[in-house]
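Written out below as structure tokens is the structure these notes cover.
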Amino acid sequence: MSRVSIQEEGFDAGAELALLEAAGGGAVASFTGVVRGENDLVALELHHYPAMTAAQVERIVDEAMDRWPLLGVRVIHRFGRLKPGEHIVFVGTASRHRSAALESCAFLIDWLKSEAPFWKKEYFPDGGANWVEARVEDEAKARGWTR
Amino acid sequence: MAKLDILYFAWVREIIGCDSEQVDQPPAGVTVADLIEQLAARDGGYGQALGDQLRLRAALDQRFVPLDSLVGEALELAIFPPVTGG
């Protein structure tokens, strides 16, 4: 099972969870990010840095594997134009210990938010569009994991 | 002479109006911030996109770096706003 996929197409979160369960650790945690339809959002466009993204996310996964005893990690991050209700991101972790599975999953999603080269642009019904601003709280959350 | 590829992403790319360009490798001692300042002095959207360095982040050879890093012999510099993935 590959650990990281950066892809335009959707994914089946249930199938990904089944693969992590098959790792046999007994503890699987996951996070699925879904496009919110607030403010009549028409679409969310995800841009990224193709030459860097996968390698950077692999480094984030390596960091999680160093910190927690994990039997499996799966990260899927989509790019391209997504509609409300579509999946954006999946993070799943498998371990023998629930705390390791839960904490590493939270760590991975926090770091993906502030350490992976993605940028979101929102599109609205009146034709307007807007780049999502980074939230100070997100950078602070990621720093909270600094050892 | 060695060249440096500069890549732009997100609104930096939109305002400047180009994805990437190539410049001569800067002399030793030049930082990412110095180079951004030089680019910001150009005509067109450069000043608007690159004028406020507090709104910018950078990567050298596909690694995030602070703006006070030396460009050195890097082959690729990317300039972009703070990331918003996840």
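Labels for the structure tokens follow display order: chains A, B, ..., residues from 1 in each chain, ligands from 1.
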**OP:** Select all residues from chain A having any atom no more than 10 Å from an atom of chain B (counting only C-alpha atoms, ignoring ligands), output as a PyMOL selection string.
**Re:** chain A and resi 32-34+46-53+55-56+76-79+88-91+108-121+130-135+138-139
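Excluding A:Met65 and any residue on its chain fewer than 2 positions from it, the residues at most 12 Å away by only C-alpha atoms are Arg3, Glu58, Arg59, Ile60, Val61, Asp62, Glu63, Arg67, Trp68, Pro69, Leu70, Leu71, Gly72, Val73, Arg74, Thr93, Ala94, Ser95, Ala100, Ala101, Glu103, Ser104, Cys105, Phe107 and Leu108 of chain A.
Residues of chain B that DSSP places in helix (DSSP H, G or I), based on the backbone of this structure, are Ala10, Trp11, Val12, Arg13, Glu14, Ile15, Ile16, Val32, Ala33, Asp34, Leu35, Ile36, Glu37, Gln38, Leu39, Ala40, Tyr46, Gly47, Gln48, Ala49, Leu50, Gln53, Leu54 and Arg55 of chain B.
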Would you mind exporting C-alpha atoms of the selected residues as a PDB file, in the first residue's frame?
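Output contents, as saved in part08.pdb:
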```
ATOM      1  CA  ALA B  10      -1.561  31.005  -6.158  1.00  0.00           C
ATOM      2  CA  TRP B  11      -2.270  34.771  -6.168  1.00  0.00           C
ATOM      3  CA  VAL B  12       1.403  35.564  -6.658  1.00  0.00           C
ATOM      4  CA  ARG B  13       1.170  33.745 -10.005  1.00  0.00           C
ATOM      5  CA  GLU B  14      -2.119  35.447 -10.940  1.00  0.00           C
ATOM      6  CA  ILE B  15      -0.929  38.966 -10.159  1.00  0.00           C
ATOM      7  CA  ILE B  16       2.419  38.590 -11.903  1.00  0.00           C
ATOM      8  CA  VAL B  32      15.729  35.026  -1.143  1.00  0.00           C
ATOM      9  CA  ALA B  33      14.480  38.308   0.358  1.00  0.00           C
ATOM     10  CA  ASP B  34      17.041  40.316  -1.666  1.00  0.00           C
ATOM     11  CA  LEU B  35      15.957  38.605  -4.864  1.00  0.00           C
ATOM     12  CA  ILE B  36      12.251  39.168  -4.130  1.00  0.00           C
ATOM     13  CA  GLU B  37      13.012  42.847  -3.519  1.00  0.00           C
ATOM     14  CA  GLN B  38      14.764  43.096  -6.900  1.00  0.00           C
ATOM     15  CA  LEU B  39      11.839  41.383  -8.642  1.00  0.00           C
ATOM     16  CA  ALA B  40       9.333  43.657  -6.867  1.00  0.00           C
ATOM     17  CA  TYR B  46       5.575  42.411  -9.612  1.00  0.00           C
ATOM     18  CA  GLY B  47       5.378  45.244  -7.102  1.00  0.00           C
ATOM     19  CA  GLN B  48       1.853  44.357  -6.055  1.00  0.00           C
ATOM     20  CA  ALA B  49       2.604  40.614  -5.815  1.00  0.00           C
ATOM     21  CA  LEU B  50       6.003  40.805  -4.143  1.00  0.00           C
ATOM     22  CA  GLN B  53       7.262  40.050   2.103  1.00  0.00           C
ATOM     23  CA  LEU B  54       5.253  39.351   5.253  1.00  0.00           C
ATOM     24  CA  ARG B  55       2.627  37.804   2.959  1.00  0.00           C
TER      25      ARG B  55
END
```
**OP:** Go ahead and compute the interatomic distance for atom CA of A:Glu38 and atom CA of A:Pro84, in Å to one decimal.
**Re:** 8.5 Å
Could you name the residues that touch A:Ala43 at 10 Å or less, counting only C-alpha atoms, but leaving out those on the same chain fewer than 2 positions away, as a PDB file with N, CA and C atoms, in the first residue's frame?
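The resulting file, selection-v5.pdb, is reproduced below:
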```pdb
ATOM      1  N   VAL A  35     -15.390  19.366   1.254  1.00  0.00           N
ATOM      2  CA  VAL A  35     -15.617  20.762   0.858  1.00  0.00           C
ATOM      3  C   VAL A  35     -16.924  21.254   1.475  1.00  0.00           C
ATOM      4  N   ARG A  36     -16.848  22.363   2.230  1.00  0.00           N
ATOM      5  CA  ARG A  36     -18.038  22.961   2.836  1.00  0.00           C
ATOM      6  C   ARG A  36     -18.763  23.823   1.813  1.00  0.00           C
ATOM      7  N   GLY A  37     -20.115  23.850   1.891  1.00  0.00           N
ATOM      8  CA  GLY A  37     -20.893  24.642   0.933  1.00  0.00           C
ATOM      9  C   GLY A  37     -21.291  26.002   1.472  1.00  0.00           C
ATOM     10  N   ASP A  40     -22.825  29.866  -0.287  1.00  0.00           N
ATOM     11  CA  ASP A  40     -23.172  29.474  -1.653  1.00  0.00           C
ATOM     12  C   ASP A  40     -21.960  29.131  -2.495  1.00  0.00           C
ATOM     13  N   LEU A  41     -20.927  28.649  -1.868  1.00  0.00           N
ATOM     14  CA  LEU A  41     -19.717  28.275  -2.608  1.00  0.00           C
ATOM     15  C   LEU A  41     -20.077  27.372  -3.793  1.00  0.00           C
ATOM     16  N   GLU A  45     -11.067  25.313  -5.664  1.00  0.00           N
ATOM     17  CA  GLU A  45     -10.003  24.859  -6.556  1.00  0.00           C
ATOM     18  C   GLU A  45      -8.733  24.710  -5.740  1.00  0.00           C
ATOM     19  N   LEU A  46      -8.131  23.538  -5.802  1.00  0.00           N
ATOM     20  CA  LEU A  46      -6.887  23.295  -5.070  1.00  0.00           C
ATOM     21  C   LEU A  46      -5.704  23.293  -6.020  1.00  0.00           C
ATOM     22  N   GLY A  80      -7.168  20.237  -7.955  1.00  0.00           N
ATOM     23  CA  GLY A  80      -8.127  20.477  -9.035  1.00  0.00           C
ATOM     24  C   GLY A  80      -9.396  21.114  -8.483  1.00  0.00           C
ATOM     25  N   ARG A  81     -10.455  21.083  -9.308  1.00  0.00           N
ATOM     26  CA  ARG A  81     -11.687  21.796  -8.963  1.00  0.00           C
ATOM     27  C   ARG A  81     -12.661  20.844  -8.284  1.00  0.00           C
ATOM     28  N   LEU A  82     -13.070  21.166  -7.049  1.00  0.00           N
ATOM     29  CA  LEU A  82     -13.940  20.299  -6.252  1.00  0.00           C
ATOM     30  C   LEU A  82     -15.232  21.040  -5.911  1.00  0.00           C
ATOM     31  N   LYS A  83     -16.318  20.289  -5.856  1.00  0.00           N
ATOM     32  CA  LYS A  83     -17.617  20.883  -5.509  1.00  0.00           C
ATOM     33  C   LYS A  83     -17.939  20.626  -4.033  1.00  0.00           C
ATOM     34  N   PRO A  84     -18.848  21.444  -3.444  1.00  0.00           N
ATOM     35  CA  PRO A  84     -19.249  21.185  -2.059  1.00  0.00           C
ATOM     36  C   PRO A  84     -19.695  19.736  -1.889  1.00  0.00           C
ATOM     37  N   GLY A  85     -19.287  19.143  -0.796  1.00  0.00           N
ATOM     38  CA  GLY A  85     -19.628  17.748  -0.521  1.00  0.00           C
ATOM     39  C   GLY A  85     -18.575  16.763  -1.001  1.00  0.00           C
ATOM     40  N   GLU A  86     -17.668  17.214  -1.865  1.00  0.00           N
ATOM     41  CA  GLU A  86     -16.619  16.288  -2.331  1.00  0.00           C
ATOM     42  C   GLU A  86     -15.502  16.184  -1.292  1.00  0.00           C
ATOM     43  N   LYS A 121      -8.634  28.087  -3.649  1.00  0.00           N
ATOM     44  CA  LYS A 121      -9.345  29.250  -4.199  1.00  0.00           C
ATOM     45  C   LYS A 121     -10.827  28.932  -4.230  1.00  0.00           C
ATOM     46  N   GLU A 122     -11.637  29.865  -3.688  1.00  0.00           N
ATOM     47  CA  GLU A 122     -13.089  29.667  -3.623  1.00  0.00           C
ATOM     48  C   GLU A 122     -13.765  30.389  -4.785  1.00  0.00           C
ATOM     49  N   TYR A 123     -14.789  29.752  -5.347  1.00  0.00           N
ATOM     50  CA  TYR A 123     -15.576  30.357  -6.430  1.00  0.00           C
ATOM     51  C   TYR A 123     -17.018  30.511  -5.977  1.00  0.00           C
ATOM     52  N   PHE A 124     -17.611  31.692  -6.265  1.00  0.00           N
ATOM     53  CA  PHE A 124     -18.969  32.005  -5.817  1.00  0.00           C
ATOM     54  C   PHE A 124     -19.909  32.197  -7.010  1.00  0.00           C
ATOM     55  N   PRO A 125     -21.261  32.155  -6.743  1.00  0.00           N
ATOM     56  CA  PRO A 125     -22.241  32.186  -7.843  1.00  0.00           C
ATOM     57  C   PRO A 125     -22.178  33.464  -8.691  1.00  0.00           C
ATOM     58  N   ALA A 129     -14.258  35.245  -7.059  1.00  0.00           N
ATOM     59  CA  ALA A 129     -13.365  34.200  -6.577  1.00  0.00           C
ATOM     60  C   ALA A 129     -12.418  34.814  -5.557  1.00  0.00           C
TER      61      ALA A 129
END
```
Subject >> Selected residue of minimal separation from A:Gly92 among A:Val57, A:Trp145, A:Ser30, A:Leu20, counting only C-alpha atoms >> reply: A:Ser30
Original post:
Could you state the separation of atom CA of B:Ala58 and atom CA of A:Glu8 in Å, given to one decimal place?
Top reply: 24.4 Å
Subject >> Distance query B:Lys3 at most 12 Å, only C-alpha atoms, self and fewer than 5 positions along chain excluded, as a PyMOL selection string >> reply: chain B and resi 21-27+71-77
Output all heavy atoms for every residue in the selection just made, as an mmCIF file, in the first residue's frame.
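Output file out01.cif is given in full below:
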```cif
data_model
loop_
_atom_site.group_PDB
_atom_site.id
_atom_site.type_symbol
_atom_site.label_atom_id
_atom_site.label_comp_id
_atom_site.auth_asym_id
_atom_site.auth_seq_id
_atom_site.Cartn_x
_atom_site.Cartn_y
_atom_site.Cartn_z
ATOM 1 N N GLU B 21 9.751 31.671 -14.617
ATOM 2 C CA GLU B 21 10.700 32.361 -15.490
ATOM 3 C C GLU B 21 12.106 31.994 -15.055
ATOM 4 O O GLU B 21 12.301 31.393 -13.993
ATOM 5 C CB GLU B 21 10.493 33.875 -15.421
ATOM 6 C CG GLU B 21 10.663 34.472 -14.034
ATOM 7 C CD GLU B 21 10.306 35.959 -14.022
ATOM 8 O OE1 GLU B 21 10.820 36.684 -14.884
ATOM 9 O OE2 GLU B 21 9.509 36.373 -13.162
ATOM 10 N N GLN B 22 13.066 32.334 -15.891
ATOM 11 C CA GLN B 22 14.443 31.987 -15.583
ATOM 12 C C GLN B 22 15.268 33.259 -15.469
ATOM 13 O O GLN B 22 15.107 34.176 -16.292
ATOM 14 C CB GLN B 22 14.995 31.103 -16.714
ATOM 15 C CG GLN B 22 16.128 30.223 -16.278
ATOM 16 C CD GLN B 22 16.502 29.199 -17.341
ATOM 17 O OE1 GLN B 22 16.711 29.545 -18.500
ATOM 18 N NE2 GLN B 22 16.595 27.952 -16.943
ATOM 19 N N VAL B 23 16.106 33.321 -14.451
ATOM 20 C CA VAL B 23 17.008 34.475 -14.300
ATOM 21 C C VAL B 23 18.434 33.947 -14.148
ATOM 22 O O VAL B 23 18.645 32.751 -13.899
ATOM 23 C CB VAL B 23 16.639 35.341 -13.065
ATOM 24 C CG1 VAL B 23 15.223 35.906 -13.185
ATOM 25 C CG2 VAL B 23 16.789 34.551 -11.767
ATOM 26 N N ASP B 24 19.415 34.839 -14.280
ATOM 27 C CA ASP B 24 20.800 34.443 -14.015
ATOM 28 C C ASP B 24 20.944 34.130 -12.530
ATOM 29 O O ASP B 24 20.339 34.801 -11.690
ATOM 30 C CB ASP B 24 21.768 35.575 -14.384
ATOM 31 C CG ASP B 24 21.870 35.764 -15.894
ATOM 32 O OD1 ASP B 24 21.594 34.800 -16.632
ATOM 33 O OD2 ASP B 24 22.211 36.884 -16.327
ATOM 34 N N GLN B 25 21.741 33.115 -12.215
ATOM 35 C CA GLN B 25 21.960 32.787 -10.803
ATOM 36 C C GLN B 25 22.538 34.017 -10.100
ATOM 37 O O GLN B 25 23.497 34.611 -10.598
ATOM 38 C CB GLN B 25 22.949 31.625 -10.705
ATOM 39 C CG GLN B 25 22.991 30.989 -9.341
ATOM 40 C CD GLN B 25 23.947 29.811 -9.335
ATOM 41 O OE1 GLN B 25 25.149 29.988 -9.461
ATOM 42 N NE2 GLN B 25 23.401 28.623 -9.207
ATOM 43 N N PRO B 26 21.931 34.419 -8.980
ATOM 44 C CA PRO B 26 22.439 35.627 -8.323
ATOM 45 C C PRO B 26 23.827 35.383 -7.717
ATOM 46 O O PRO B 26 24.194 34.240 -7.450
ATOM 47 C CB PRO B 26 21.401 35.893 -7.225
ATOM 48 C CG PRO B 26 20.694 34.606 -7.012
ATOM 49 C CD PRO B 26 20.796 33.827 -8.279
ATOM 50 N N PRO B 27 24.584 36.473 -7.513
ATOM 51 C CA PRO B 27 25.920 36.328 -6.918
ATOM 52 C C PRO B 27 25.848 35.776 -5.491
ATOM 53 O O PRO B 27 24.795 35.839 -4.854
ATOM 54 C CB PRO B 27 26.472 37.758 -6.902
ATOM 55 C CG PRO B 27 25.464 38.644 -7.521
ATOM 56 C CD PRO B 27 24.220 37.865 -7.784
ATOM 57 N N VAL B 71 20.365 32.193 -1.520
ATOM 58 C CA VAL B 71 19.940 31.446 -2.710
ATOM 59 C C VAL B 71 21.017 30.431 -3.091
ATOM 60 O O VAL B 71 20.710 29.300 -3.488
ATOM 61 C CB VAL B 71 19.650 32.404 -3.897
ATOM 62 C CG1 VAL B 71 19.303 31.621 -5.147
ATOM 63 C CG2 VAL B 71 18.539 33.375 -3.521
ATOM 64 N N GLY B 72 22.273 30.831 -2.954
ATOM 65 C CA GLY B 72 23.385 29.919 -3.223
ATOM 66 C C GLY B 72 23.318 29.344 -4.619
ATOM 67 O O GLY B 72 23.049 30.067 -5.584
ATOM 68 N N GLU B 73 23.525 28.026 -4.731
ATOM 69 C CA GLU B 73 23.529 27.399 -6.054
ATOM 70 C C GLU B 73 22.240 26.655 -6.331
ATOM 71 O O GLU B 73 22.205 25.734 -7.155
ATOM 72 C CB GLU B 73 24.743 26.470 -6.167
ATOM 73 C CG GLU B 73 26.028 27.274 -6.172
ATOM 74 C CD GLU B 73 27.279 26.427 -6.253
ATOM 75 O OE1 GLU B 73 27.152 25.184 -6.215
ATOM 76 O OE2 GLU B 73 28.366 27.010 -6.352
ATOM 77 N N ALA B 74 21.177 27.044 -5.642
ATOM 78 C CA ALA B 74 19.878 26.404 -5.880
ATOM 79 C C ALA B 74 19.490 26.557 -7.346
ATOM 80 O O ALA B 74 19.845 27.536 -8.008
ATOM 81 C CB ALA B 74 18.809 27.044 -4.992
ATOM 82 N N LEU B 75 18.765 25.579 -7.853
ATOM 83 C CA LEU B 75 18.316 25.601 -9.249
ATOM 84 C C LEU B 75 16.895 26.135 -9.373
ATOM 85 O O LEU B 75 16.498 26.580 -10.438
ATOM 86 C CB LEU B 75 18.367 24.178 -9.834
ATOM 87 C CG LEU B 75 19.734 23.520 -9.842
ATOM 88 C CD1 LEU B 75 19.627 22.077 -10.306
ATOM 89 C CD2 LEU B 75 20.687 24.307 -10.749
ATOM 90 N N GLU B 76 16.122 26.036 -8.263
ATOM 91 C CA GLU B 76 14.716 26.412 -8.349
ATOM 92 C C GLU B 76 14.289 27.158 -7.086
ATOM 93 O O GLU B 76 14.487 26.670 -5.979
ATOM 94 C CB GLU B 76 13.879 25.131 -8.503
ATOM 95 C CG GLU B 76 12.404 25.379 -8.767
ATOM 96 C CD GLU B 76 11.673 24.084 -9.144
ATOM 97 O OE1 GLU B 76 11.931 23.566 -10.244
ATOM 98 O OE2 GLU B 76 10.872 23.592 -8.336
ATOM 99 N N LEU B 77 13.709 28.317 -7.305
ATOM 100 C CA LEU B 77 13.137 29.105 -6.207
ATOM 101 C C LEU B 77 11.642 29.212 -6.466
ATOM 102 O O LEU B 77 11.228 29.565 -7.573
ATOM 103 C CB LEU B 77 13.756 30.507 -6.195
ATOM 104 C CG LEU B 77 13.037 31.559 -5.335
ATOM 105 C CD1 LEU B 77 13.113 31.212 -3.855
ATOM 106 C CD2 LEU B 77 13.635 32.948 -5.587
#
```
Original post:
Among chain A, which ones does DSSP place in strand (DSSP E), written as a ChimeraX atom specification?
Top reply: /A:4-7,27-34,43-48,70-78,80-82,87-95,118-123,129-131
